[in-house]
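Participant: Got a structure for you, written out below as C-alpha cells; questions coming shortly.
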Amino acid sequence: MSKSLRLSEKWFNRGLWLIAIVFAGFLIGLGNVIVGDLPQVEASSSRELFINQKAVAPLRRARDAAVARAEKARPPLEQAELRLQAASEAYISGRETFQNWVATRTATELPGQDAELVSRTAALDALKAAEDKARIAAEAERQVMLDARQAEDRANTAILPYEQAADVLYADELRASELRVFGYRLMLTLPLLAVAGYLFARQRKSKYWPFVWGFIIFALFAFFVELVPYLPSYGGYVRFTVGIIVTILVGRYAILALNKYLADQRLAEAQPAQARREILSYDAALVRLDKGVCPGCERPVNLKDPIIDFCPHCGIGLFDHCHTCTARKNAFSPFCHACGTAASATPSPSTGEARDAPLRPG
C-alpha cells in the first residue's frame, strides 16, 4: 500500500480486497457444486444394457438351474459322505477285531471255535457290504454335484463372449459420456474465462472493481483448478492450449497497452509543463514521488538532491519555494509544509519563473 494514500483509504482498499476475495470464494463454492453435479444430466448406464439379452437369457436360466441343482445336492452329498465315513470306520474296526480273534484262534487251535469263526466272518462281510453301499450312495451324490457344476461352467463359458462384447460397448459408452460431461464443463468454464477477460480489460478499474476482481479470480480458479479433476486423458491438451491462448491474449494486450502508454508519454512530454500538471492527479503525483520517479515522465530522479528543482528528463517542476516564507517545498503540494500558506501561481523567488498551479487532491 502506498504511503501517499490516506489512512482511511488504505483500510478501505484492504476491506474492498477482502470483499473481492470473499465474493470469489462464494462464486468458487457455487461453481464447484455446479461442476460436480453436471454428470447428473447424463442418463445412468450399466454393462447390462449392452448384453444380447435374447441370447444370454436362456444361458443364464440354465446356469441358475445348475446352481440350484448344486445347492440342492449339497446336503444329500454331505449326509452320504458322513454315512460312508461311519461305515468305513465300522468296517476298519470290525476287521481289526476279527484279525485279533483269528490270531487267537490260530494260537489255541480249538475246533470248537469254527462256528464262531463263520459268524464273525459273516459280520465282517456285512460291515464291508454296508461300506460299499455307503460308498456307492456317496458316489451317486458326487455325480449329481459334478453334473450341476459342469452345467454351470458350460453356461458361464457360453455367456462369457457376450459379457466381453458388452464390456467393450460399455467402456465406449463411458468414454463418450465422460467426453460429453467434460464438454458441458468446458462450455460452462470457457465463457466464464471470456467474461473475466473482458472485465479485466474494461472494468478492472471501475468503482465496482472488488466484484470484478472477485469474478476474475473465480473464473481462473474454475478453469485451471476445478476443471482439473474431471479432465479426460486428453484434457491436458485442452487446458494447456487454452492457457497458451489466454497468455497470448494477455501478452498482446500488455504489449499494446505498453505501446499506447509510451506513445501517450511522448505526447505528454511534448506538451507544456502546465498542461501536463492539469492532467496529472495529486494522488498519482505523490505515488510517483514516493517511488523516486518524476510524476511527469516516470523516469528516476534523485529527489534528495537539494539543487534539483526540475526533472532533467522532461523539465516539469518538482520543487519550488513558498512565496510567503521562501521554504523549499514539493511543487505538487497545495500548501506549504513550513507555514501552511496555500500555494499559488506567483513567481518563484529562486527561479524567477512562474510556478505551475499546485495540484489539488483528487
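Ordered as shown in the C-alpha cells, chains take letters A, B, and onward, while each chain numbers its residues from 1 and ligands are numbered from 1 in the order shown.
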Just asking: which residues within range 153-315 of chain A are alpha helix (DSSP H) according to DSSP, as number ranges by chain?

Facilitator: A: 153-202, 209-221, 235-269, 273-278, 282-290

Participant: Find the residues near Gly197 in chain A: any atom within 10 Å, counting only C-alpha atoms, skip ones fewer than 6 places away on the same chain, and give them as a list in words.

Facilitator: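 After dropping sequence-adjacent residues, the list is Pro191, Gln203, Arg204, Ile216, Ala219, Leu220, Val246, Leu249 and Val250 of chain A.
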
Participant: Which residues come within 8 Å of Leu280 in chain A, counting only C-alpha atoms, excluding same-chain residues fewer than 4 positions away, as an MDAnalysis selection string?

Facilitator: chainID A and resid 276 284:285 295:296 359

Participant: May I ask for the distance between CA of Leu117 in chain A and CA of Glu89 in chain A, given in Å to one decimal place?

Facilitator: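 Pair CA of Leu117 in chain A / CA of Glu89 in chain A returns 21.5 Å.
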
Participant: With only C-alpha atoms counted and 8 Å as the cut-off, give the residues of range 168-255 of chain A in contact with range 26-37 of chain A, each with its shortest interatomic distance in Å and the pair that gives it, as CSV.

Facilitator:
residue,atom,partner,partner_atom,distance
A:Arg185,CA,A:Val35,CA,6.2
A:Phe215,CA,A:Leu27,CA,7.5
A:Phe218,CA,A:Ile28,CA,5.5
A:Phe221,CA,A:Ile28,CA,7.3
A:Ala222,CA,A:Ile28,CA,6.8
A:Glu226,CA,A:Asn32,CA,6.7
A:Leu227,CA,A:Val35,CA,8.0
